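Please read the structure below before turning to the comments.
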2 protein chains.
Amino acid sequence: MEPFRLTATEALAKIKDGSLSVEAYARSLLSRIEQRDDAVKAWAHLDPEYVIQQAKQLDLVPPEKRGPLHGVAIAVKDIMYTKDMPTQHNSPIYEGHDPTLDAAAIATLRHAGALLIGKATTTEFASTATGPKTLNPHDPTRTPGGSSSGSAAAVADFQVPLGLGTQTGGSTIRPGSFNGIFAFKPTWGAISREGLKFYSLNLDTIGFFARSVADLELLSDMFNLEDDDARPDFAIRGAKFAVLKTSVWPQAGPGTVAALEAGARLLRDGGADVEEIELPPEFDRVVEWHRTVLHSDGRPTFLPEYRVAKEKLDPFIADHVENGQKISRAAQLEAFDGLAALRPRIDEIAKKYAAILTPSVVDEAPKGTQSTGSPAFNCMWTALHTPVVNVPGFQGGNGMPIGLSLVAPRYHDRHLLIVSKAVGDIFAAEGGWKSKV
Amino acid sequence: MEPFRLTATEALAKIKDGSLSVEAYARSLLSRIEQRDDAVKAWAHLDPEYVIQQAKQLDLVPPEKRGPLHGVAIAVKDIMYTKDMPTQHNSPIYEGHDPTLDAAAIATLRHAGALLIGKATTTEFASTATGPKTLNPHDPTRTPGGSSSGSAAAVADFQVPLGLGTQTGGSTIRPGSFNGIFAFKPTWGAISREGLKFYSLNLDTIGFFARSVADLELLSDMFNLEDDDARPDFAIRGAKFAVLKTSVWPQAGPGTVAALEAGARLLRDGGADVEEIELPPEFDRVVEWHRTVLHSDGRPTFLPEYRVAKEKLDPFIADHVENGQKISRAAQLEAFDGLAALRPRIDEIAKKYAAILTPSVVDEAPKGTQSTGSPAFNCMWTALHTPVVNVPGFQGGNGMPIGLSLVAPRYHDRHLLIVSKAVGDIFAAEGGWKSKV
């Protein structure tokens, strides 16, 4: 197998046993990128020579001084500061912006020996639904989703094994689904967001993209993600799952309807106890409250850009600062407090199950790059701070990938990954979708 | 009056009417700093030549292009990134650290025409209780408090009219009290913390120091702090105040006991209706929960520094990453959710009053610089996200300043400032303490 096709865990093993140098690995990835970049356009910044230079440096590190991610290649969403690459937020205000600072997450990964390949595209400030130039590797007439467009597309296209994204609405789980890869939004607050561009203090969460759950676990180790208690001996047979359509189910297209049905059936076929549930009526306002928090948190966030260069801001972003939605402080606090009260409630409900199975997207990736698609099925979990994994395996009417979300209570991140691995194996084997890239 | 003695509002008026150039103003402040720096040591970084150069640039800006803070001098706590000055967090790990990035708050102030004088000292990562070199301007054998030590001391010592701090426990209100100046911790989330070093995502809040409430209002304008409804026509006579001793009252020393008594009496003398209240028992765990949130939020925050250079971290900080307090995820979530449930409750209670009057400190600033003092009376309000103003005016047994806190419901920031102005006038006139510096 060509090195660029390896998962991170596989590449790490080969680098460790000496059968693959970091330089050879980097050259393989770069050749893949060179071959595919015109089609996918995943990168906001990529300097192949610099990548090779970094890879050579890593090869010089004596084995006993190598970190746990030694040589593993990662794409970084371009709203995270990197001391050796520009960070431009897909905003004309920050064109060429190149501060010599590593975000907390970047410092952690760099110290572990990661090879940062480049900065991956994002929508403007990871906030708008208008796509960057990036195209879906499975069909270049379609969006890869957003706002973590480049990280997701690059991972799906075998240009890197791992990608860093963020989620404020559906910016990690949605592109995960559209690109047919695993995507993980951990519990809110579990990974430091220091050194990132903000959108919403109460919602922004760092997320990961990978082509295997083992790779999500590898990254989770790097960030010390820990549950109180996560048993590694999980089996589908005998486990209890909830299926939840949520209040936005009327928005689900035929691809998602079929995927959720198939997912539930496959779990049942595997010996799980699958129960369809509905949330109590106090959850009815979650989507509305998510939107209120988003807009009111965005008000202080974008103030500096508004003051400095309002004319260079997308009107949707400027509207946050102007409070165009006329959100009163009372309404803002009602949303803050309403969501806060529901967080322990959803934990209680989710604790009864191995995981909640619920849609990741309304349907397969839409045509064009103008819209990165709807986050309708993601906002609730972002607002409730629960961990979510997109598990790929299904397809829509046009043969594009569709994934399903697994949800667990807050700080059951490792448990959720263990469950996602077992579920992922079944969905990959029998869900019907295979990557052709 | 020498220009360095002016409040920001006064300096702004003189710069506006042409009677004071920014350069002349800067030279006056710098001469004050030169004269006093050996005694107070408020600065982690200060380059007088660069300040003069910036001041000259500001003088060249034509009047119609000047911002609303044109020429106003500000001290910046050294955990906020500034593109033209080092940002070192009082950590040996970040010695000489000089990324070319402005924090969101700095970009906002710079665009408004502020003159950044330098970086003011902080405790390590604004997290420890061990002081930096800074001394109390009213008595150099005592601490100015922390962690916003330098900003508070510089404002009290007339080295700058305005200072930026942060509060995670009591890091703004406590030094405000110890230095005899106004300090303001706005509602959590009301000002963007992008570009700051983190300690606790759920607690960190940007705060201001000034020698007048008008100056706090000036800064609040810059950050678009807005209530739903704040009536400017407030009068003490006929207003209703609550006096709250809180569950940590047994820690109050004689200076604070006397100050709270005097404060309540002065309000009554002014015609206010002053009522002593107690919080219902569900508030009993707030201080414990604050500590739990602090330690569990610090766990991801300090991970990069722990990995890169554990040996250069204060053991107190390393302990967060190691979870030395053995805080389970269940306990962490209980604290998150417990505090979240109390926030609307304290709003309800506080809404019945013009403000709640409560201690800012256990007593006057302690001797030495080893400890920056106790945040016992501050943690509750930080955890509850309410705005707090320290109003100076009283003194302890050694003639050192003691202030009292005024507290309002969340997003009643402008209301609280209006009330603080009226209360501040009375405390300044009749509280008994006068600055001698």
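Simple scheme: letters A, B, ... for chains in structure tokens order, numbers from 1 for residues in each chain, numbers from 1 for ligands in the order shown.
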Near-Asp363 of chain A list (10 Å; only C-alpha atoms; drop same-chain fewer than 2 positions) as a ChimeraX atom specification: /A:174,177-178,251-259,359-361,365-366,373-374,395-397,400-403
Enumerate, as a list of chain:residue names, the complete set of residues in segment 82-112 of chain B that a backbone-based DSSP assignment places in helix (DSSP H, G or I).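 Answer for segment 82-112 of chain B, restricted to helix (DSSP H, G or I): B:Pro92, B:Ile93, B:Tyr94, B:Ala104, B:Ala105, B:Ile106, B:Ala107, B:Thr108, B:Leu109, B:Arg110, B:His111.
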Within 9 Å of chain B, which residues of chain A show up? Give each one with its shortest atom-to-atom distance in Å (one decimal) and the two atoms involved, counting only C-alpha atoms, rows by chain then rising residue number, as JSON lines.
{"residue": "A:Lys83", "atom": "CA", "partner": "B:Pro99", "partner_atom": "CA", "distance": 8.2}
{"residue": "A:His97", "atom": "CA", "partner": "B:Leu101", "partner_atom": "CA", "distance": 8.9}
{"residue": "A:Asp98", "atom": "CA", "partner": "B:Thr100", "partner_atom": "CA", "distance": 7.7}
{"residue": "A:Pro99", "atom": "CA", "partner": "B:Thr100", "partner_atom": "CA", "distance": 4.7}
{"residue": "A:Thr100", "atom": "CA", "partner": "B:Pro99", "partner_atom": "CA", "distance": 4.7}
{"residue": "A:Leu101", "atom": "CA", "partner": "B:Pro99", "partner_atom": "CA", "distance": 5.5}
{"residue": "A:Ala104", "atom": "CA", "partner": "B:Pro304", "partner_atom": "CA", "distance": 6.0}
{"residue": "A:Ala105", "atom": "CA", "partner": "B:Pro304", "partner_atom": "CA", "distance": 7.3}
{"residue": "A:Ile106", "atom": "CA", "partner": "B:Pro304", "partner_atom": "CA", "distance": 8.6}
{"residue": "A:Ala107", "atom": "CA", "partner": "B:Pro304", "partner_atom": "CA", "distance": 5.9}
{"residue": "A:Thr108", "atom": "CA", "partner": "B:Pro304", "partner_atom": "CA", "distance": 4.8}
{"residue": "A:Leu109", "atom": "CA", "partner": "B:Pro304", "partner_atom": "CA", "distance": 8.6}
{"residue": "A:His111", "atom": "CA", "partner": "B:Val308", "partner_atom": "CA", "distance": 6.4}
{"residue": "A:Ala112", "atom": "CA", "partner": "B:Arg307", "partner_atom": "CA", "distance": 8.5}
{"residue": "A:Gly189", "atom": "CA", "partner": "B:Leu201", "partner_atom": "CA", "distance": 7.2}
{"residue": "A:Ala190", "atom": "CA", "partner": "B:Pro300", "partner_atom": "CA", "distance": 6.3}
{"residue": "A:Ile191", "atom": "CA", "partner": "B:Pro300", "partner_atom": "CA", "distance": 5.6}
{"residue": "A:Ser192", "atom": "CA", "partner": "B:Thr301", "partner_atom": "CA", "distance": 5.3}
{"residue": "A:Arg193", "atom": "CA", "partner": "B:Thr301", "partner_atom": "CA", "distance": 8.3}
{"residue": "A:Glu194", "atom": "CA", "partner": "B:Phe198", "partner_atom": "CA", "distance": 6.3}
{"residue": "A:Gly195", "atom": "CA", "partner": "B:Gly195", "partner_atom": "CA", "distance": 6.2}
{"residue": "A:Leu196", "atom": "CA", "partner": "B:Glu194", "partner_atom": "CA", "distance": 7.4}
{"residue": "A:Lys197", "atom": "CA", "partner": "B:Glu194", "partner_atom": "CA", "distance": 6.7}
{"residue": "A:Phe198", "atom": "CA", "partner": "B:Glu194", "partner_atom": "CA", "distance": 6.3}
{"residue": "A:Leu201", "atom": "CA", "partner": "B:Gly189", "partner_atom": "CA", "distance": 7.2}
{"residue": "A:Asn202", "atom": "CA", "partner": "B:Gly189", "partner_atom": "CA", "distance": 8.8}
{"residue": "A:Phe223", "atom": "CA", "partner": "B:Pro300", "partner_atom": "CA", "distance": 7.4}
{"residue": "A:Asn224", "atom": "CA", "partner": "B:Pro300", "partner_atom": "CA", "distance": 7.8}
{"residue": "A:Leu225", "atom": "CA", "partner": "B:Pro300", "partner_atom": "CA", "distance": 8.8}
{"residue": "A:Glu226", "atom": "CA", "partner": "B:Arg329", "partner_atom": "CA", "distance": 8.5}
{"residue": "A:Asp227", "atom": "CA", "partner": "B:Arg329", "partner_atom": "CA", "distance": 6.7}
{"residue": "A:Asp228", "atom": "CA", "partner": "B:Arg329", "partner_atom": "CA", "distance": 5.8}
{"residue": "A:Asp297", "atom": "CA", "partner": "B:Gly189", "partner_atom": "CA", "distance": 7.4}
{"residue": "A:Arg299", "atom": "CA", "partner": "B:Ala190", "partner_atom": "CA", "distance": 8.6}
{"residue": "A:Pro300", "atom": "CA", "partner": "B:Ser192", "partner_atom": "CA", "distance": 5.5}
{"residue": "A:Thr301", "atom": "CA", "partner": "B:Ser192", "partner_atom": "CA", "distance": 5.3}
{"residue": "A:Phe302", "atom": "CA", "partner": "B:Ala104", "partner_atom": "CA", "distance": 8.5}
{"residue": "A:Leu303", "atom": "CA", "partner": "B:Thr108", "partner_atom": "CA", "distance": 7.3}
{"residue": "A:Pro304", "atom": "CA", "partner": "B:Thr108", "partner_atom": "CA", "distance": 4.8}
{"residue": "A:Glu305", "atom": "CA", "partner": "B:Thr108", "partner_atom": "CA", "distance": 8.2}
{"residue": "A:Arg307", "atom": "CA", "partner": "B:Thr108", "partner_atom": "CA", "distance": 7.1}
{"residue": "A:Val308", "atom": "CA", "partner": "B:His111", "partner_atom": "CA", "distance": 6.4}
{"residue": "A:Ser328", "atom": "CA", "partner": "B:Asp228", "partner_atom": "CA", "distance": 6.1}
{"residue": "A:Arg329", "atom": "CA", "partner": "B:Asp228", "partner_atom": "CA", "distance": 5.8}
{"residue": "A:Ala330", "atom": "CA", "partner": "B:Asp228", "partner_atom": "CA", "distance": 7.4}
{"residue": "A:Leu333", "atom": "CA", "partner": "B:Pro344", "partner_atom": "CA", "distance": 8.1}
{"residue": "A:Glu334", "atom": "CA", "partner": "B:Pro344", "partner_atom": "CA", "distance": 8.6}
{"residue": "A:Phe336", "atom": "CA", "partner": "B:Ala340", "partner_atom": "CA", "distance": 8.7}
{"residue": "A:Asp337", "atom": "CA", "partner": "B:Ala340", "partner_atom": "CA", "distance": 6.7}
{"residue": "A:Ala340", "atom": "CA", "partner": "B:Ala340", "partner_atom": "CA", "distance": 6.1}
{"residue": "A:Ala341", "atom": "CA", "partner": "B:Ala341", "partner_atom": "CA", "distance": 6.6}
{"residue": "A:Arg343", "atom": "CA", "partner": "B:Asp337", "partner_atom": "CA", "distance": 7.7}
{"residue": "A:Pro344", "atom": "CA", "partner": "B:Asp337", "partner_atom": "CA", "distance": 7.0}
{"residue": "A:Arg410", "atom": "CA", "partner": "B:Leu333", "partner_atom": "CA", "distance": 8.2}
{"residue": "A:Tyr411", "atom": "CA", "partner": "B:Arg329", "partner_atom": "CA", "distance": 6.4}
{"residue": "A:His412", "atom": "CA", "partner": "B:Arg329", "partner_atom": "CA", "distance": 8.9}
Save out the residues we just selected, C-alpha atoms, as a PDB file, in the first residue's frame.
ATOM      1  CA  LYS A  83       3.804  29.695  14.705  1.00  0.00           C
ATOM      2  CA  HIS A  97      -1.716  37.259   8.825  1.00  0.00           C
ATOM      3  CA  ASP A  98       1.176  35.281  10.250  1.00  0.00           C
ATOM      4  CA  PRO A  99       1.629  35.613  14.025  1.00  0.00           C
ATOM      5  CA  THR A 100       4.333  33.456  15.579  1.00  0.00           C
ATOM      6  CA  LEU A 101       2.037  31.689  18.008  1.00  0.00           C
ATOM      7  CA  ALA A 104      -2.639  25.240  22.761  1.00  0.00           C
ATOM      8  CA  ALA A 105      -3.758  22.219  20.711  1.00  0.00           C
ATOM      9  CA  ILE A 106      -1.002  22.815  18.165  1.00  0.00           C
ATOM     10  CA  ALA A 107       1.683  23.106  20.835  1.00  0.00           C
ATOM     11  CA  THR A 108       0.499  19.804  22.285  1.00  0.00           C
ATOM     12  CA  LEU A 109       0.552  17.995  18.928  1.00  0.00           C
ATOM     13  CA  HIS A 111       5.499  18.485  21.068  1.00  0.00           C
ATOM     14  CA  ALA A 112       4.197  14.951  20.506  1.00  0.00           C
ATOM     15  CA  GLY A 189     -14.294  22.230  27.231  1.00  0.00           C
ATOM     16  CA  ALA A 190     -12.349  18.955  27.191  1.00  0.00           C
ATOM     17  CA  ILE A 191      -9.701  20.400  24.841  1.00  0.00           C
ATOM     18  CA  SER A 192      -8.331  23.905  25.266  1.00  0.00           C
ATOM     19  CA  ARG A 193      -9.389  26.396  22.608  1.00  0.00           C
ATOM     20  CA  GLU A 194      -6.645  28.846  23.533  1.00  0.00           C
ATOM     21  CA  GLY A 195      -5.101  30.300  20.375  1.00  0.00           C
ATOM     22  CA  LEU A 196      -8.164  29.740  18.195  1.00  0.00           C
ATOM     23  CA  LYS A 197     -10.393  32.299  16.550  1.00  0.00           C
ATOM     24  CA  PHE A 198     -13.611  32.420  18.549  1.00  0.00           C
ATOM     25  CA  LEU A 201     -17.614  30.940  23.841  1.00  0.00           C
ATOM     26  CA  ASN A 202     -20.442  28.639  24.889  1.00  0.00           C
ATOM     27  CA  PHE A 223      -5.273  15.536  24.709  1.00  0.00           C
ATOM     28  CA  ASN A 224      -5.703  13.425  27.858  1.00  0.00           C
ATOM     29  CA  LEU A 225      -9.395  12.830  27.183  1.00  0.00           C
ATOM     30  CA  GLU A 226     -10.523  10.683  30.081  1.00  0.00           C
ATOM     31  CA  ASP A 227     -13.842   9.349  31.344  1.00  0.00           C
ATOM     32  CA  ASP A 228     -14.468   8.410  34.945  1.00  0.00           C
ATOM     33  CA  ASP A 297     -21.912  35.172  21.711  1.00  0.00           C
ATOM     34  CA  ARG A 299     -21.666  39.947  19.296  1.00  0.00           C
ATOM     35  CA  PRO A 300     -18.514  40.561  21.394  1.00  0.00           C
ATOM     36  CA  THR A 301     -16.483  38.085  19.311  1.00  0.00           C
ATOM     37  CA  PHE A 302     -16.575  39.989  16.045  1.00  0.00           C
ATOM     38  CA  LEU A 303     -16.479  43.483  17.556  1.00  0.00           C
ATOM     39  CA  PRO A 304     -12.770  44.077  16.734  1.00  0.00           C
ATOM     40  CA  GLU A 305     -13.166  43.087  13.070  1.00  0.00           C
ATOM     41  CA  ARG A 307     -14.646  48.191  14.189  1.00  0.00           C
ATOM     42  CA  VAL A 308     -11.477  47.792  12.141  1.00  0.00           C
ATOM     43  CA  SER A 328     -32.435  41.058  24.376  1.00  0.00           C
ATOM     44  CA  ARG A 329     -30.135  40.265  27.298  1.00  0.00           C
ATOM     45  CA  ALA A 330     -33.123  38.578  28.939  1.00  0.00           C
ATOM     46  CA  LEU A 333     -29.827  34.572  29.475  1.00  0.00           C
ATOM     47  CA  GLU A 334     -32.972  32.496  29.009  1.00  0.00           C
ATOM     48  CA  PHE A 336     -27.933  30.212  28.387  1.00  0.00           C
ATOM     49  CA  ASP A 337     -29.856  29.005  31.424  1.00  0.00           C
ATOM     50  CA  ALA A 340     -27.601  24.644  31.015  1.00  0.00           C
ATOM     51  CA  ALA A 341     -30.612  23.076  32.715  1.00  0.00           C
ATOM     52  CA  ARG A 343     -27.412  19.331  29.940  1.00  0.00           C
ATOM     53  CA  PRO A 344     -27.775  17.116  33.009  1.00  0.00           C
ATOM     54  CA  ARG A 410     -20.824  14.579  28.627  1.00  0.00           C
ATOM     55  CA  TYR A 411     -17.373  13.268  29.542  1.00  0.00           C
ATOM     56  CA  HIS A 412     -18.174   9.810  28.203  1.00  0.00           C
TER      57      HIS A 412
END
Quick check for you: according to DSSP on this backbone, which residues of segment 224-274 of chain A are classed as strand (DSSP E or B)? Reply as a PyMOL selection string. chain A and resi 240-244+273-274
Can you write out the residues you just picked, keeping N, CA and C atoms, as a PDB file, in the first residue's frame?
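And here's result.pdb as it stands now:
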ATOM      1  N   LYS A 240     -27.632  -1.775  24.495  1.00  0.00           N
ATOM      2  CA  LYS A 240     -28.901  -1.082  24.305  1.00  0.00           C
ATOM      3  C   LYS A 240     -28.628   0.260  23.604  1.00  0.00           C
ATOM      4  N   PHE A 241     -29.283   0.488  22.489  1.00  0.00           N
ATOM      5  CA  PHE A 241     -29.139   1.763  21.771  1.00  0.00           C
ATOM      6  C   PHE A 241     -30.479   2.479  21.700  1.00  0.00           C
ATOM      7  N   ALA A 242     -30.425   3.805  21.725  1.00  0.00           N
ATOM      8  CA  ALA A 242     -31.619   4.601  21.455  1.00  0.00           C
ATOM      9  C   ALA A 242     -31.522   5.133  20.029  1.00  0.00           C
ATOM     10  N   VAL A 243     -32.641   5.165  19.345  1.00  0.00           N
ATOM     11  CA  VAL A 243     -32.705   5.858  18.056  1.00  0.00           C
ATOM     12  C   VAL A 243     -33.547   7.105  18.280  1.00  0.00           C
ATOM     13  N   LEU A 244     -32.992   8.247  17.857  1.00  0.00           N
ATOM     14  CA  LEU A 244     -33.668   9.518  18.126  1.00  0.00           C
ATOM     15  C   LEU A 244     -33.772  10.323  16.840  1.00  0.00           C
ATOM     16  N   ASP A 273     -30.191  -4.264  21.446  1.00  0.00           N
ATOM     17  CA  ASP A 273     -31.555  -3.898  21.783  1.00  0.00           C
ATOM     18  C   ASP A 273     -31.714  -2.425  21.353  1.00  0.00           C
ATOM     19  N   VAL A 274     -32.509  -2.169  20.337  1.00  0.00           N
ATOM     20  CA  VAL A 274     -32.626  -0.820  19.777  1.00  0.00           C
ATOM     21  C   VAL A 274     -34.029  -0.278  20.014  1.00  0.00           C
TER      22      VAL A 274
END
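Each of A:Thr205, A:Thr134, A:Thr7, A:Thr128 was checked against Thr382 of chain A using only C-alpha atoms; the smallest atom-to-atom distance is that of A:Thr205.
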Correct to one decimal, the distance atom CA of Thr87 of chain B-atom CA of Ala318 of chain B is 20.7 Å
When you look at segment 10-19 of chain A with a cut-off of 8 Å (counting only C-alpha atoms), what residues show up, excluding the ones that are within fewer than 2 positions of it in the same chain? I need them as JSON, numbers by chain. {"A": [3, 6, 7, 8, 21, 22, 25, 69, 70, 71, 72]}
Quick one: pull the distance between atom CA of Glu261 of chain A and atom CA of Ala429 of chain A, Å, one decimal. 16.1 Å
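Remark: for Val248 of chain B, the closest of the candidate residues B:Ala152, B:Gly271, B:Phe377, B:Arg265 is B:Phe377 (distances computed over only C-alpha atoms).
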Neighbouring residues of Arg36 of chain B were defined as those with any atom within 10 Å, considering only C-alpha atoms; residues of the same chain fewer than 3 positions away were excluded. Please report them as a list in words.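 Near Arg36 of chain B, the qualifying residues are Leu30, Ser31, Arg32, Ile33, Ala39, Val40, Lys41, Ala42, Pro137, Ala154, Asp157, Phe158 and Gln159 of chain B.
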Shortest interatomic distance to Thr187 of chain A - which of A:Ala129, A:Phe316, A:Gly207, A:Val160, counting only C-alpha atoms: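 Once distances to Thr187 of chain A are computed over only C-alpha atoms, the minimum belongs to A:Gly207.
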Select, from B:Lys434, B:His89, B:Arg231, B:Arg285, the residue with the minimum atom-to-atom distance to Ser247 of chain B, counting only C-alpha atoms.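 Selected residue with least distance to Ser247 of chain B: B:Arg285.
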Find, counting only C-alpha atoms, the residue in A:Thr369, A:Asn136, A:Asn323, A:Gln53 that gets nearest to Asp38 of chain A.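 Among the listed residues, A:Asn136 lies closest to Asp38 of chain A.
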Work out how far atom CA of Ala272 of chain A is from atom CA of Ile236 of chain A, in Å to one decimal.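 Separating atom CA of Ile236 of chain A from atom CA of Ala272 of chain A is a distance of 5.5 Å.
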